[in-house]
Amino acid sequence: MTRRCVCPGSYDPVTLGHADVIRRAAALYDEVVVAVLHNPAKHGTFTPDERRDLILDTCGDLANVRVELFANRLLVDVCRDVGASAIVKGLRGGTDFAYELPMALMNRHLTGVETVFLPGDPRFEHISSSLVKEVARYGGDVSGLVSDRVRDALAGAWSDR
Ligand code: PNS
């Protein structure tokens, strides 16, 4: 039996913290589906296709990882559709836990799918997509927080839109 998990998120854009969790999930499970969940009514910085390309550039070297895009879907339905028994998420600290726990309990209530939390690597504890975007937007250096390709995409994002 293939043990498959989902690493869900907005990934707008993928950070090195996300990549660390995906890499560690890929060591624990036979297959990892990185699910980019987006709401078409909300305008992100990157399009879903751009987010997928940036994820593949950051962790596409992992043979058992694939990226799929979903719009307006419940995470539990995504898990059912791809045949995943678990959701894997990283926790940067107590604030993340307070945000994630009700979602984990709700998802288990809905279909029984379990959420597995991985302790975030302290090297990436301060990294979030929104903080990285804010730093990049005002000209700060985001090297070491995201891949070089994401850093360059962020530099272009503010000039294009
Ligand atoms: O990267 P993010 O923005 O923290 O990811 C949050 C995400 C997309 C994983 C979460 O909002 C989600 O699961 N959305 C799908 C809709 C859903 O299932 N909502 C009910 C959650 S209990």
# chains A, B, ... in the order shown; residues from 1 in each chain; ligands from 1
call {"tool": "closest_atom_pairs", "arguments": {"of": "chain A", "to": "ligand 1", "cutoff": "12 Å", "atoms": "only C-alpha atoms and all ligand atoms", "output": "JSON lines"}}
result
{"residue": "A:Val6", "atom": "CA", "partner": "ligand 1", "partner_atom_place_in_ligand_line": "9 (C)", "distance": 9.9}
{"residue": "A:Cys7", "atom": "CA", "partner": "ligand 1", "partner_atom_place_in_ligand_line": "9 (C)", "distance": 8.1}
{"residue": "A:Pro8", "atom": "CA", "partner": "ligand 1", "partner_atom_place_in_ligand_line": "9 (C)", "distance": 4.8}
{"residue": "A:Gly9", "atom": "CA", "partner": "ligand 1", "partner_atom_place_in_ligand_line": "1 (O)", "distance": 3.5}
{"residue": "A:Ser10", "atom": "CA", "partner": "ligand 1", "partner_atom_place_in_ligand_line": "1 (O)", "distance": 4.0}
{"residue": "A:Tyr11", "atom": "CA", "partner": "ligand 1", "partner_atom_place_in_ligand_line": "1 (O)", "distance": 5.7}
{"residue": "A:Asp12", "atom": "CA", "partner": "ligand 1", "partner_atom_place_in_ligand_line": "1 (O)", "distance": 7.7}
{"residue": "A:Pro13", "atom": "CA", "partner": "ligand 1", "partner_atom_place_in_ligand_line": "1 (O)", "distance": 9.2}
{"residue": "A:Val14", "atom": "CA", "partner": "ligand 1", "partner_atom_place_in_ligand_line": "1 (O)", "distance": 9.0}
{"residue": "A:Thr15", "atom": "CA", "partner": "ligand 1", "partner_atom_place_in_ligand_line": "1 (O)", "distance": 10.5}
{"residue": "A:Gly17", "atom": "CA", "partner": "ligand 1", "partner_atom_place_in_ligand_line": "1 (O)", "distance": 11.4}
{"residue": "A:His18", "atom": "CA", "partner": "ligand 1", "partner_atom_place_in_ligand_line": "1 (O)", "distance": 9.1}
{"residue": "A:Val34", "atom": "CA", "partner": "ligand 1", "partner_atom_place_in_ligand_line": "9 (C)", "distance": 10.5}
{"residue": "A:Ala35", "atom": "CA", "partner": "ligand 1", "partner_atom_place_in_ligand_line": "8 (C)", "distance": 8.3}
{"residue": "A:Val36", "atom": "CA", "partner": "ligand 1", "partner_atom_place_in_ligand_line": "8 (C)", "distance": 7.2}
{"residue": "A:Leu37", "atom": "CA", "partner": "ligand 1", "partner_atom_place_in_ligand_line": "8 (C)", "distance": 5.0}
{"residue": "A:His38", "atom": "CA", "partner": "ligand 1", "partner_atom_place_in_ligand_line": "8 (C)", "distance": 6.7}
{"residue": "A:Asn39", "atom": "CA", "partner": "ligand 1", "partner_atom_place_in_ligand_line": "15 (C)", "distance": 8.7}
{"residue": "A:Lys42", "atom": "CA", "partner": "ligand 1", "partner_atom_place_in_ligand_line": "3 (O)", "distance": 11.6}
{"residue": "A:Gly44", "atom": "CA", "partner": "ligand 1", "partner_atom_place_in_ligand_line": "3 (O)", "distance": 10.7}
{"residue": "A:Arg51", "atom": "CA", "partner": "ligand 1", "partner_atom_place_in_ligand_line": "1 (O)", "distance": 11.7}
{"residue": "A:Leu69", "atom": "CA", "partner": "ligand 1", "partner_atom_place_in_ligand_line": "8 (C)", "distance": 11.0}
{"residue": "A:Phe70", "atom": "CA", "partner": "ligand 1", "partner_atom_place_in_ligand_line": "15 (C)", "distance": 8.9}
{"residue": "A:Ala71", "atom": "CA", "partner": "ligand 1", "partner_atom_place_in_ligand_line": "15 (C)", "distance": 8.7}
{"residue": "A:Asn72", "atom": "CA", "partner": "ligand 1", "partner_atom_place_in_ligand_line": "16 (C)", "distance": 7.0}
{"residue": "A:Arg73", "atom": "CA", "partner": "ligand 1", "partner_atom_place_in_ligand_line": "16 (C)", "distance": 5.7}
{"residue": "A:Leu74", "atom": "CA", "partner": "ligand 1", "partner_atom_place_in_ligand_line": "18 (O)", "distance": 3.4}
{"residue": "A:Leu75", "atom": "CA", "partner": "ligand 1", "partner_atom_place_in_ligand_line": "18 (O)", "distance": 3.8}
{"residue": "A:Val76", "atom": "CA", "partner": "ligand 1", "partner_atom_place_in_ligand_line": "18 (O)", "distance": 6.1}
{"residue": "A:Asp77", "atom": "CA", "partner": "ligand 1", "partner_atom_place_in_ligand_line": "18 (O)", "distance": 7.8}
{"residue": "A:Val78", "atom": "CA", "partner": "ligand 1", "partner_atom_place_in_ligand_line": "18 (O)", "distance": 8.5}
{"residue": "A:Cys79", "atom": "CA", "partner": "ligand 1", "partner_atom_place_in_ligand_line": "18 (O)", "distance": 9.9}
{"residue": "A:Arg80", "atom": "CA", "partner": "ligand 1", "partner_atom_place_in_ligand_line": "18 (O)", "distance": 11.9}
{"residue": "A:Ile87", "atom": "CA", "partner": "ligand 1", "partner_atom_place_in_ligand_line": "9 (C)", "distance": 9.4}
{"residue": "A:Val88", "atom": "CA", "partner": "ligand 1", "partner_atom_place_in_ligand_line": "9 (C)", "distance": 10.1}
{"residue": "A:Lys89", "atom": "CA", "partner": "ligand 1", "partner_atom_place_in_ligand_line": "9 (C)", "distance": 8.7}
{"residue": "A:Gly90", "atom": "CA", "partner": "ligand 1", "partner_atom_place_in_ligand_line": "4 (O)", "distance": 10.1}
{"residue": "A:Leu91", "atom": "CA", "partner": "ligand 1", "partner_atom_place_in_ligand_line": "4 (O)", "distance": 10.7}
{"residue": "A:Arg92", "atom": "CA", "partner": "ligand 1", "partner_atom_place_in_ligand_line": "4 (O)", "distance": 11.7}
{"residue": "A:Asp96", "atom": "CA", "partner": "ligand 1", "partner_atom_place_in_ligand_line": "4 (O)", "distance": 9.1}
{"residue": "A:Phe97", "atom": "CA", "partner": "ligand 1", "partner_atom_place_in_ligand_line": "4 (O)", "distance": 11.6}
{"residue": "A:Tyr99", "atom": "CA", "partner": "ligand 1", "partner_atom_place_in_ligand_line": "4 (O)", "distance": 9.0}
{"residue": "A:Glu100", "atom": "CA", "partner": "ligand 1", "partner_atom_place_in_ligand_line": "4 (O)", "distance": 8.6}
{"residue": "A:Leu101", "atom": "CA", "partner": "ligand 1", "partner_atom_place_in_ligand_line": "22 (S)", "distance": 9.2}
{"residue": "A:Pro102", "atom": "CA", "partner": "ligand 1", "partner_atom_place_in_ligand_line": "22 (S)", "distance": 6.9}
{"residue": "A:Met103", "atom": "CA", "partner": "ligand 1", "partner_atom_place_in_ligand_line": "22 (S)", "distance": 3.8}
{"residue": "A:Ala104", "atom": "CA", "partner": "ligand 1", "partner_atom_place_in_ligand_line": "22 (S)", "distance": 6.5}
{"residue": "A:Leu105", "atom": "CA", "partner": "ligand 1", "partner_atom_place_in_ligand_line": "22 (S)", "distance": 7.6}
{"residue": "A:Met106", "atom": "CA", "partner": "ligand 1", "partner_atom_place_in_ligand_line": "22 (S)", "distance": 5.0}
{"residue": "A:Asn107", "atom": "CA", "partner": "ligand 1", "partner_atom_place_in_ligand_line": "22 (S)", "distance": 5.3}
{"residue": "A:Arg108", "atom": "CA", "partner": "ligand 1", "partner_atom_place_in_ligand_line": "22 (S)", "distance": 8.8}
{"residue": "A:His109", "atom": "CA", "partner": "ligand 1", "partner_atom_place_in_ligand_line": "22 (S)", "distance": 9.3}
{"residue": "A:Leu110", "atom": "CA", "partner": "ligand 1", "partner_atom_place_in_ligand_line": "22 (S)", "distance": 8.7}
{"residue": "A:Thr111", "atom": "CA", "partner": "ligand 1", "partner_atom_place_in_ligand_line": "22 (S)", "distance": 11.0}
{"residue": "A:Val113", "atom": "CA", "partner": "ligand 1", "partner_atom_place_in_ligand_line": "22 (S)", "distance": 11.2}
{"residue": "A:Glu114", "atom": "CA", "partner": "ligand 1", "partner_atom_place_in_ligand_line": "22 (S)", "distance": 11.9}
{"residue": "A:Thr115", "atom": "CA", "partner": "ligand 1", "partner_atom_place_in_ligand_line": "22 (S)", "distance": 11.0}
{"residue": "A:Ser128", "atom": "CA", "partner": "ligand 1", "partner_atom_place_in_ligand_line": "1 (O)", "distance": 8.8}
{"residue": "A:Ser129", "atom": "CA", "partner": "ligand 1", "partner_atom_place_in_ligand_line": "1 (O)", "distance": 8.1}
{"residue": "A:Ser130", "atom": "CA", "partner": "ligand 1", "partner_atom_place_in_ligand_line": "3 (O)", "distance": 9.6}
call {"tool": "select_by_dssp", "arguments": {"residues": "chain A", "states": "strand (DSSP E or B)", "output": "ChimeraX atom specification"}}
result
/A:4-9,31-38,65-71,86-91,114-119,143,146
call {"tool": "select_by_dssp", "arguments": {"residues": "chain A", "states": "helix (DSSP H, G or I)", "output": "number ranges by chain"}}
result
A: 16-28, 48-59, 75-82, 94-111, 122-124, 129-137, 148-160
call {"tool": "residues_around", "arguments": {"residues": "Leu62 in chain A", "least_positions_apart": "5", "cutoff": "10 Å", "atoms": "only C-alpha atoms", "output": "ChimeraX atom specification"}}
result
/A:22-23,26-27,31-32,56
call {"tool": "atom_distance", "arguments": {"atom1": "CA of Ala84 in chain A", "atom2": "CA of Met1 in chain A"}}
result
11.4 Å
call {"tool": "atom_distance", "arguments": {"atom1": "CA of Arg151 in chain A", "atom2": "CA of Ala136 in chain A"}}
result
7.9 Å
call {"tool": "closest_residue", "arguments": {"among": "A:Leu154, A:Cys59, A:Leu145, A:Ala86", "to": "Phe117 in chain A", "atoms": "only C-alpha atoms"}}
result
A:Ala86
